[in-house]
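Next comes coords26.txt, with compact mmCIF, C-alpha atoms and all ligand atoms.
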```
# COMPACT_ATOMS: atom_id res chain seq x y z
CA MET Q 1 118.82 85.38 107.53
CA SER Q 2 116.11 83.26 105.99
CA GLN Q 3 114.74 84.55 102.72
CA ALA Q 4 111.22 83.56 103.80
CA ALA Q 5 111.46 86.26 106.44
CA GLN Q 6 111.57 88.98 103.82
CA ALA Q 7 108.76 90.38 101.73
CA PHE Q 8 107.64 92.83 99.09
CA VAL Q 9 104.72 94.81 100.48
CA THR Q 10 102.11 96.94 98.72
CA LEU Q 11 98.83 98.65 99.56
CA ALA Q 12 95.37 99.02 97.99
CA THR Q 13 92.43 100.82 99.59
CA ASN Q 14 90.08 100.17 96.67
CA ASP Q 15 89.57 97.88 93.65
CA LEU Q 16 91.29 100.22 91.18
CA TYR Q 17 94.56 100.35 93.08
CA ALA Q 18 94.14 96.59 93.66
CA LYS Q 19 94.35 96.14 89.86
CA GLY Q 20 97.66 97.97 89.96
CA ALA Q 21 98.78 95.71 92.80
CA LEU Q 22 97.87 92.58 90.80
CA VAL Q 23 100.05 93.76 87.90
CA LEU Q 24 102.90 94.65 90.29
CA GLY Q 25 102.66 91.24 92.03
CA THR Q 26 102.60 89.44 88.67
CA SER Q 27 105.66 91.39 87.48
CA LEU Q 28 107.55 90.42 90.66
CA ARG Q 29 106.61 86.73 90.16
CA ASP Q 30 107.45 86.87 86.41
CA HIS Q 31 110.92 88.05 87.38
CA LYS Q 32 111.26 85.15 89.83
CA THR Q 33 111.49 86.87 93.15
CA THR Q 34 112.34 84.45 95.97
CA ARG Q 35 110.64 86.66 98.58
CA ASN Q 36 107.07 86.69 99.90
CA LEU Q 37 104.44 89.00 98.43
CA VAL Q 38 102.19 90.83 100.90
CA ILE Q 39 99.35 93.27 100.30
CA LEU Q 40 97.63 95.48 102.85
CA ILE Q 41 93.99 96.10 101.95
CA THR Q 42 91.21 98.09 103.61
CA PRO Q 43 87.50 97.17 103.94
CA GLN Q 44 86.56 99.05 100.74
CA VAL Q 45 88.28 96.37 98.60
CA SER Q 46 85.54 94.01 97.34
CA ASN Q 47 85.38 90.36 98.37
CA ASN Q 48 85.83 89.14 94.79
CA MET Q 49 88.92 91.30 94.45
CA ARG Q 50 90.30 89.84 97.69
CA CYS Q 51 89.98 86.35 96.17
CA ALA Q 52 91.87 87.50 93.06
CA LEU Q 53 94.60 89.08 95.23
CA GLU Q 54 94.97 85.80 97.15
CA ARG Q 55 95.97 84.07 93.92
CA ILE Q 56 99.01 86.32 93.49
CA PHE Q 57 99.95 87.41 97.03
CA ASP Q 58 101.14 85.12 99.84
CA GLU Q 59 99.40 87.29 102.42
CA VAL Q 60 96.36 89.56 101.94
CA LEU Q 61 96.03 91.49 105.19
CA LEU Q 62 93.07 93.62 106.16
CA VAL Q 63 94.03 96.86 107.92
CA ASP Q 64 92.09 99.95 108.94
CA VAL Q 65 92.27 103.13 106.88
CA LEU Q 66 94.57 105.85 108.20
CA ASP Q 67 93.72 109.20 106.65
CA SER Q 68 95.56 112.47 107.26
CA LYS Q 69 92.41 114.41 106.26
CA ASP Q 70 94.86 117.23 105.62
CA SER Q 71 93.08 118.85 102.70
CA ALA Q 72 95.20 122.03 102.90
CA HIS Q 73 98.53 120.28 102.22
CA LEU Q 74 96.97 117.79 99.79
CA ALA Q 75 95.66 120.72 97.75
CA MET Q 76 99.27 121.76 97.20
CA ILE Q 77 99.98 118.48 95.40
CA LYS Q 78 96.53 118.59 93.77
CA ARG Q 79 95.81 115.06 95.02
CA PRO Q 80 93.00 115.32 97.60
CA GLU Q 81 92.63 111.54 97.59
CA LEU Q 82 96.13 110.86 98.98
CA GLY Q 83 95.28 111.40 102.68
CA VAL Q 84 94.70 107.63 102.85
CA THR Q 85 98.36 106.98 102.02
CA PHE Q 86 98.91 107.24 105.81
CA THR Q 87 97.58 103.64 105.70
CA LYS Q 88 101.06 102.71 104.39
CA LEU Q 89 102.37 103.16 107.94
CA HIS Q 90 100.83 99.79 108.88
CA CYS Q 91 103.60 98.15 106.89
CA TRP Q 92 105.93 98.67 109.87
CA ALA Q 93 103.68 96.31 111.87
CA LEU Q 94 104.62 93.29 109.71
CA THR Q 95 107.13 92.00 112.27
CA GLN Q 96 106.85 88.42 110.96
CA TYR Q 97 109.38 89.76 108.40
CA SER Q 98 112.84 91.03 109.27
CA LYS Q 99 113.13 93.25 106.22
CA CYS Q 100 110.71 94.42 103.53
CA ILE Q 101 110.52 96.46 100.36
CA PHE Q 102 107.43 98.62 100.15
CA MET Q 103 106.22 99.34 96.62
CA ASP Q 104 103.33 101.57 95.56
CA ALA Q 105 100.53 99.77 93.69
CA ASP Q 106 101.33 101.98 90.67
CA THR Q 107 104.81 100.53 90.20
CA LEU Q 108 105.90 97.88 87.72
CA VAL Q 109 108.99 95.69 88.02
CA LEU Q 110 111.02 95.17 84.83
CA CYS Q 111 113.60 92.70 86.19
CA ASN Q 112 114.52 90.85 89.38
CA ILE Q 113 115.25 93.39 92.14
CA ASP Q 114 115.84 91.00 95.08
CA GLU Q 115 119.28 92.61 95.55
CA LEU Q 116 117.44 95.50 97.25
CA PHE Q 117 117.18 93.33 100.38
CA GLU Q 118 120.92 93.94 100.89
CA ARG Q 119 120.10 97.58 101.72
CA GLU Q 120 119.20 98.96 105.13
CA GLU Q 121 116.28 101.04 106.47
CA LEU Q 122 115.47 103.58 105.17
CA SER Q 123 116.72 103.23 101.61
CA ALA Q 124 114.87 104.92 98.78
CA ALA Q 125 115.41 106.80 95.53
CA PRO Q 126 115.29 110.61 95.24
CA ASP Q 127 111.97 112.23 94.46
CA PRO Q 128 112.03 113.81 90.99
CA GLY Q 129 110.32 116.98 92.29
CA TRP Q 130 112.70 117.61 95.22
CA PRO Q 131 115.69 115.24 95.12
CA ASP Q 132 116.68 115.96 98.76
CA CYS Q 133 113.48 114.10 99.62
CA PHE Q 134 113.11 110.41 98.96
CA ASN Q 135 110.14 109.15 96.99
CA THR Q 136 107.99 106.73 99.00
CA GLY Q 137 106.88 104.71 95.98
CA VAL Q 138 109.74 102.23 96.62
CA PHE Q 139 111.61 101.90 99.93
CA VAL Q 140 113.52 99.36 102.00
CA TYR Q 141 112.53 99.18 105.69
CA ARG Q 142 112.62 97.03 108.82
CA PRO Q 143 109.26 96.22 110.42
CA SER Q 144 109.38 97.13 114.12
CA VAL Q 145 106.68 97.67 116.72
CA GLU Q 146 108.67 100.53 118.16
CA THR Q 147 109.10 102.37 114.84
CA TYR Q 148 105.43 101.67 114.00
CA HIS Q 149 104.26 103.37 117.18
CA GLU Q 150 106.65 106.28 116.75
CA LEU Q 151 105.37 106.80 113.20
CA LEU Q 152 101.75 106.72 114.35
CA ARG Q 153 102.60 109.22 117.09
CA SER Q 154 104.37 111.45 114.59
CA SER Q 155 101.36 111.26 112.25
CA THR Q 156 99.04 112.63 114.92
CA GLU Q 157 101.49 115.06 116.55
CA ASN Q 158 103.28 116.49 113.50
CA GLY Q 159 101.18 115.49 110.50
CA SER Q 160 102.82 115.61 107.08
CA PHE Q 161 104.09 118.51 105.00
CA ASP Q 162 102.46 117.10 101.84
CA GLY Q 163 99.41 115.60 103.55
CA GLY Q 164 100.53 112.07 102.51
CA ASP Q 165 102.99 109.46 103.71
CA GLN Q 166 105.91 110.94 101.78
CA GLY Q 167 105.99 114.20 103.75
CA LEU Q 168 105.70 112.33 107.03
CA LEU Q 169 108.37 109.72 106.25
CA ASN Q 170 110.83 112.35 105.00
CA SER Q 171 110.45 114.31 108.24
CA PHE Q 172 110.83 111.10 110.28
CA PHE Q 173 113.88 109.75 108.43
CA SER Q 174 115.28 113.26 108.16
CA SER Q 175 118.96 112.30 107.89
CA TRP Q 176 118.35 110.53 104.55
CA PRO Q 177 119.65 113.31 102.25
CA THR Q 178 123.04 113.61 103.97
CA ALA Q 179 123.85 110.69 106.27
CA ASP Q 180 124.56 107.57 104.22
CA ILE Q 181 124.87 107.35 100.44
CA ASN Q 182 124.17 103.59 100.59
CA LYS Q 183 120.60 104.50 101.51
CA HIS Q 184 120.19 106.38 98.24
CA LEU Q 185 118.79 103.92 95.74
CA PRO Q 186 119.70 104.58 92.11
CA PHE Q 187 116.87 106.33 90.30
CA ILE Q 188 116.42 103.27 88.04
CA TYR Q 189 114.73 101.53 91.03
CA ASN Q 190 111.95 104.12 90.97
CA LEU Q 191 111.85 105.69 87.55
CA SER Q 192 108.84 107.96 87.64
CA SER Q 193 107.14 108.72 84.37
CA VAL Q 194 107.43 112.50 85.06
CA ALA Q 195 111.22 112.24 84.78
CA ILE Q 196 110.91 111.21 81.14
CA TYR Q 197 109.66 114.71 80.38
CA SER Q 198 111.66 116.70 82.89
CA TYR Q 199 115.03 115.33 81.66
CA LEU Q 200 114.52 113.64 78.31
CA PRO Q 201 118.22 113.32 77.33
CA ALA Q 202 118.94 111.41 80.58
CA PHE Q 203 115.96 109.18 79.90
CA LYS Q 204 117.31 108.46 76.40
CA GLN Q 205 120.74 107.72 77.87
CA TYR Q 206 119.75 105.63 80.91
CA GLY Q 207 116.08 104.68 80.46
CA ALA Q 208 116.97 101.23 79.10
CA ASP Q 209 118.52 100.37 82.50
CA ALA Q 210 115.26 100.98 84.36
CA LYS Q 211 114.38 98.26 86.88
CA VAL Q 212 111.18 99.69 88.34
CA VAL Q 213 108.76 102.09 86.67
CA HIS Q 214 106.52 104.26 88.84
CA PHE Q 215 103.37 105.72 87.26
CA LEU Q 216 103.50 108.68 89.64
CA GLY Q 217 100.88 111.38 89.21
CA ASN Q 218 97.18 111.36 88.49
CA ILE Q 219 97.26 109.50 85.18
CA LYS Q 220 97.37 105.82 86.10
CA PRO Q 221 97.60 102.95 83.58
CA TRP Q 222 94.25 101.53 84.75
CA ASN Q 223 92.55 104.80 83.83
CA CYS Q 224 93.95 104.68 80.31
CA SER Q 225 92.33 102.77 77.48
CA TYR Q 226 94.19 100.06 75.57
CA ASP Q 227 93.68 98.42 72.20
CA THR Q 228 94.90 94.82 72.47
CA LYS Q 229 95.30 94.52 68.68
CA THR Q 230 97.32 97.65 67.98
CA LYS Q 231 98.77 97.81 71.53
CA CYS Q 232 97.95 101.49 71.40
CA VAL Q 233 97.28 103.32 74.66
CA THR Q 234 95.01 106.35 74.79
CA ARG Q 235 94.41 108.66 77.69
CA THR Q 236 90.84 107.59 78.47
CA VAL Q 237 88.00 105.90 76.62
CA HIS Q 238 86.66 109.34 75.69
CA ASP Q 239 89.98 111.01 74.97
CA SER Q 240 91.47 109.09 72.07
CA ALA Q 241 94.70 111.12 72.04
CA PRO Q 242 97.59 108.67 72.28
CA VAL Q 243 99.62 108.75 75.50
CA VAL Q 244 103.05 110.11 74.60
CA HIS Q 245 105.92 107.79 75.59
CA SER Q 246 103.43 105.08 76.39
CA GLU Q 247 105.95 102.19 76.24
CA PHE Q 248 105.70 101.51 79.97
CA VAL Q 249 101.92 101.92 80.07
CA SER Q 250 101.75 99.39 77.20
CA MET Q 251 103.88 96.98 79.22
CA TRP Q 252 101.53 97.40 82.17
CA TRP Q 253 98.53 96.73 79.91
CA ASP Q 254 100.20 93.74 78.34
CA ILE Q 255 100.37 92.06 81.75
CA TYR Q 256 96.91 93.32 82.73
CA SER Q 257 95.19 92.09 79.57
CA THR Q 258 96.96 88.73 79.31
CA SER Q 259 97.29 87.61 82.96
CA ILE Q 260 95.01 89.70 85.16
CA LEU Q 261 91.87 90.42 83.15
CA PRO Q 262 91.03 86.74 82.44
CA MET Q 263 91.36 86.06 86.17
CA LEU Q 264 89.17 89.04 87.10
CA MET Q 265 86.54 87.88 84.63
CA GLU Q 266 86.63 84.45 86.28
CA HIS Q 267 86.00 86.17 89.62
CA GLY Q 268 83.17 88.17 88.08
CA ILE Q 269 84.95 91.48 88.64
CA SER Q 270 85.50 92.73 85.10
CA LYS Q 271 83.58 92.29 81.88
CA SER Q 272 85.21 94.71 79.57
CA ILE Q 273 88.82 95.33 78.59
CA SER Q 274 89.18 98.66 80.35
CA PRO Q 275 88.61 98.78 84.12
CA VAL Q 276 87.16 102.27 83.82
CA LYS Q 277 85.27 101.62 80.62
CA GLN Q 278 82.28 100.04 82.33
CA GLU Q 279 81.86 102.97 84.70
CA GLU Q 280 82.30 105.47 81.89
CA GLU Q 281 79.91 103.54 79.66
CA LYS Q 282 77.28 103.73 82.39
CA LEU Q 283 77.95 107.44 82.78
CA SER Q 284 77.73 108.23 79.08
CA GLU Q 285 74.53 106.17 78.85
CA ALA Q 286 73.05 108.25 81.66
CA VAL Q 287 74.23 111.47 80.03
CA SER Q 288 72.76 110.50 76.63
CA GLN Q 289 69.38 110.05 78.33
CA LEU Q 290 69.42 113.65 79.53
CA SER Q 291 67.55 116.14 77.34
CA VAL Q 292 70.17 118.86 77.82
CA SER Q 293 73.53 118.21 76.15
CA PRO Q 294 76.41 118.10 78.58
CA PRO Q 295 78.91 120.95 78.31
CA VAL Q 296 81.97 120.11 76.24
CA PRO Q 297 84.95 120.14 78.59
CA THR Q 298 87.61 122.63 77.56
CA ALA Q 299 91.10 123.04 78.96
CA PRO Q 300 91.14 126.00 81.35
CA MET Q 301 93.51 128.85 80.44
CA ILE Q 302 96.34 129.08 82.92
CA SER Q 303 99.08 131.63 83.43
CA SER Q 304 102.67 130.68 82.60
CA GLU Q 305 103.49 130.99 86.30
CA GLU Q 306 100.78 128.51 87.24
CA ARG Q 307 101.88 126.24 84.40
CA ARG Q 308 105.44 126.28 85.76
CA ARG Q 309 104.15 125.52 89.28
CA ASN Q 310 102.11 122.60 87.91
CA TRP Q 311 105.16 121.32 86.03
CA GLU Q 312 107.31 121.47 89.15
CA GLN Q 313 104.68 119.52 91.06
CA GLY Q 314 104.71 116.81 88.43
CA GLN Q 315 101.31 117.93 87.09
CA ALA Q 316 102.49 118.84 83.60
CA ASP Q 317 99.92 119.04 80.83
CA PHE Q 318 101.55 116.35 78.69
CA MET Q 319 98.72 116.28 76.20
CA GLY Q 320 98.65 120.05 75.76
CA VAL Q 321 101.21 122.82 76.20
CA ASP Q 322 103.75 120.46 77.79
CA SER Q 323 103.46 117.79 75.09
CA PHE Q 324 106.58 115.98 73.95
CA GLN Q 325 106.38 117.72 70.57
CA ASN Q 326 106.27 121.17 72.22
CA ILE Q 327 109.20 120.33 74.50
CA GLN Q 328 111.21 119.06 71.54
CA LYS Q 329 110.39 122.27 69.61
CA LYS Q 330 111.68 124.34 72.56
CA LEU Q 331 114.87 122.23 72.82
CA ASP Q 332 115.45 122.65 69.08
CA THR Q 333 115.12 126.43 69.45
CA TYR Q 334 117.78 126.43 72.20
CA LEU Q 335 120.09 124.10 70.30
CA ASN Q 336 119.87 126.17 67.13
N1 LIG I 401 96.75 104.28 97.52
C1 LIG I 401 95.59 103.55 97.67
N2 LIG I 401 94.38 104.18 97.51
C2 LIG I 401 94.26 105.49 97.18
C3 LIG I 401 95.44 106.22 97.00
C4 LIG I 401 96.66 105.59 97.17
O1 LIG I 401 95.63 102.35 97.94
O2 LIG I 401 93.12 105.98 97.04
C5 LIG I 401 98.05 103.62 97.75
C6 LIG I 401 98.55 102.84 96.53
O3 LIG I 401 99.41 101.81 96.94
C7 LIG I 401 99.32 103.93 95.81
C8 LIG I 401 100.00 104.63 96.96
O4 LIG I 401 99.02 104.60 98.03
O5 LIG I 401 100.21 103.42 94.83
C9 LIG I 401 100.40 106.08 96.70
O6 LIG I 401 99.44 106.74 95.91
P1 LIG I 401 99.76 107.11 94.39
O7 LIG I 401 100.60 106.04 93.81
O8 LIG I 401 98.49 107.41 93.69
O9 LIG I 401 100.62 108.43 94.58
P2 LIG I 401 101.67 109.02 93.53
O10 LIG I 401 102.78 108.02 93.45
O11 LIG I 401 100.96 109.20 92.23
O12 LIG I 401 102.09 110.31 94.15
C1 LIG I 402 104.44 110.77 96.42
C2 LIG I 402 104.70 109.28 96.35
C3 LIG I 402 103.58 108.49 96.90
C4 LIG I 402 103.02 109.12 98.15
C5 LIG I 402 102.54 110.52 97.86
C6 LIG I 402 101.89 111.23 99.06
O1 LIG I 402 104.29 111.40 95.22
O2 LIG I 402 104.98 108.83 95.05
O3 LIG I 402 104.05 107.20 97.13
O4 LIG I 402 101.96 108.34 98.64
O5 LIG I 402 103.61 111.29 97.42
O6 LIG I 402 102.79 111.54 100.07
MN MN I 403 102.71 105.96 93.28
```

Rewrite the structure of this file - the entire thing - as structure tokens.
Ligand code: UDP
Ligand code: GLC
Ligand code: MN
Amino acid sequence: MSQAAQAFVTLATNDLYAKGALVLGTSLRDHKTTRNLVILITPQVSNNMRCALERIFDEVLLVDVLDSKDSAHLAMIKRPELGVTFTKLHCWALTQYSKCIFMDADTLVLCNIDELFEREELSAAPDPGWPDCFNTGVFVYRPSVETYHELLRSSTENGSFDGGDQGLLNSFFSSWPTADINKHLPFIYNLSSVAIYSYLPAFKQYGADAKVVHFLGNIKPWNCSYDTKTKCVTRTVHDSAPVVHSEFVSMWWDIYSTSILPMLMEHGISKSISPVKQEEEKLSEAVSQLSVSPPVPTAPMISSEERRRNWEQGQADFMGVDSFQNIQKKLDTYLN
């Protein structure tokens, strides 16, 4: 099979996720992939951003937005914005390729992973929240018009148990947990940042072998703030608390600030170091012009049951009660 007929595929429905995709694409190129790089974009991605994407990706393909609009299930994962991840399904329509690896725009490649093309559809790593489900941040698949249509039919007839693509794809490829162990990718091909906290000793033991990092959850590297001199990452421009275990976020920012930002500035997309800074600067300017002071945001009090539920859904409060220091304290108590 010709290598040109295989591709890494990602998706961005807006300019923020497109920044993630640019870093992902650059990391694949830096690690000398021999395969094509393809990105699916939707009309909301700006024209300037499309030009920037064309410099990294072999194909920038415009597709229409598919949205589950399933607010009830999305509320359960506290990610109302993820209905549009149904747009991922278009990746099965790329029949100019015989085999592809789909990667979320919030993933980062740490070494060459071309060996994944030896796997078959549907290969993926376990989801850290429910390991009998696969995580759809990284998966191997075969484009096919037939599968594409079946998936679209399933999306309208059955919907998705999480309101996003992951629920739908797990129901569709339902034999994944039991049928063929070769379709289970090692976790190091989709190391989600939540796993660092949920099983710290394993991360200390195996983390150095990671091949792909996945910034799963609602804190994305592009929403963090980064100091190029100290290489220090903080949660946002307004929240100067350092991000705990920020090594991978720093790596993301290293690529973003050295390779991507200069290019975006050339395309007139970004002026300042942080992609969110400009928006937040505008906001705080507007707020400072108001005569009434804005309320100081405080962390809402939550019950331990709700906290546990949040934790299990990957929504841990890493900067507060679930901070690394607090977890370490708890472990120490058990060990002593
Ligand atoms: N995505 C997108 N626009 C959105 C939300 C998601 O383009 O508004 C795409 C993007 O490729 C992203 C993927 O869908 O990486 C899945 O969403 P996300 O990574 O935020 O989900 P998580 O992995 O955090 O559950
Ligand atoms: C998951 C996956 C992501 C998917 C989302 C919605 O957490 O990481 O790729 O889009 O769920 O199903
Ligand atoms: Mn993701």

Six-sided padding of 5 Å per side, axis-aligned box over ligand LIG 402 (chain I), centre and edges in Å, one decimal, as JSON:
```
{"center_x": 103.4, "center_y": 109.4, "center_z": 97.6, "size_x": 13.1, "size_y": 14.3, "size_z": 15.0}
```

10 Å contact set for Leu11 of chain Q, only C-alpha atoms, chain neighbours under 4 positions out, as a PyMOL selection string: chain Q and resi 17-18+20-21+38-42+60-61+63+85+87-88+90-91+102-106

With all atoms listed in the file as the counted atoms, please give the residues lying no more than 10 Å from Leu94 of chain Q, apart from itself and same-chain residues fewer than 3 positions off, as a compact mmCIF listing (two decimals) with C-alpha atoms, in the frame of the given file.
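Saved file out38.txt follows:
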```txt
# COMPACT_ATOMS: atom_id res chain seq x y z
CA ALA Q 7 108.76 90.38 101.73
CA VAL Q 9 104.72 94.81 100.48
CA VAL Q 38 102.19 90.83 100.90
CA LEU Q 61 96.03 91.49 105.19
CA HIS Q 90 100.83 99.79 108.88
CA CYS Q 91 103.60 98.15 106.89
CA TYR Q 97 109.38 89.76 108.40
CA SER Q 98 112.84 91.03 109.27
CA LYS Q 99 113.13 93.25 106.22
CA CYS Q 100 110.71 94.42 103.53
CA ARG Q 142 112.62 97.03 108.82
CA PRO Q 143 109.26 96.22 110.42
CA SER Q 144 109.38 97.13 114.12
CA VAL Q 145 106.68 97.67 116.72
CA TYR Q 148 105.43 101.67 114.00
```

So how many Å separate atom CA of Thr26 of chain Q and atom O10 of ligand LIG 401 (chain I), to one decimal? 19.2 Å

Can I get the residues close to ligand MN 403 (chain I) as a ChimeraX atom specification, where close means within 12 Å and we count only C-alpha atoms and all ligand atoms? /Q:10-12,17,20-21,24,79,82,85,88,102-108,127,135-139,164-166,190-194,212-221

Report as a PyMOL selection string all protein, DNA and RNA residues lying within 6 Å of Asp67 of chain Q, evaluated on only C-alpha atoms, omitting residues in the same chain fewer than 3 positions from it. chain Q and resi 83-84+86

From the set Q:Arg29, Q:Lys78, Q:Lys211, Q:Arg50, which residue has the shortest atom-to-atom contact distance to ligand LIG 401 (chain I), counting only C-alpha atoms and all ligand atoms? Q:Lys78

Contacts of segment 176-179 of chain Q at 8 Å (only C-alpha atoms; same-chain gap of 4+ positions) as a PyMOL selection string: chain Q and resi 122+132-134+170+183-184

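When atom CA of Tyr197 of chain Q is paired with atom CA of Asn223 of chain Q, their separation reads 20.1 Å.
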
Between atom CA of Ser246 of chain Q and atom CA of Val45 of chain Q, what is the distance in Å, rounded to a tenth?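 If I compute the distance from atom CA of Ser246 of chain Q to atom CA of Val45 of chain Q, I get 28.3 Å.
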
Nearest to ligand LIG 402 (chain I), chosen from Q:Leu74, Q:Ala5, Q:Leu16, Q:Ala195, with all atoms listed in the file counted in the distances: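 Of the candidates, the smallest distance to ligand LIG 402 (chain I) is held by Q:Leu74.
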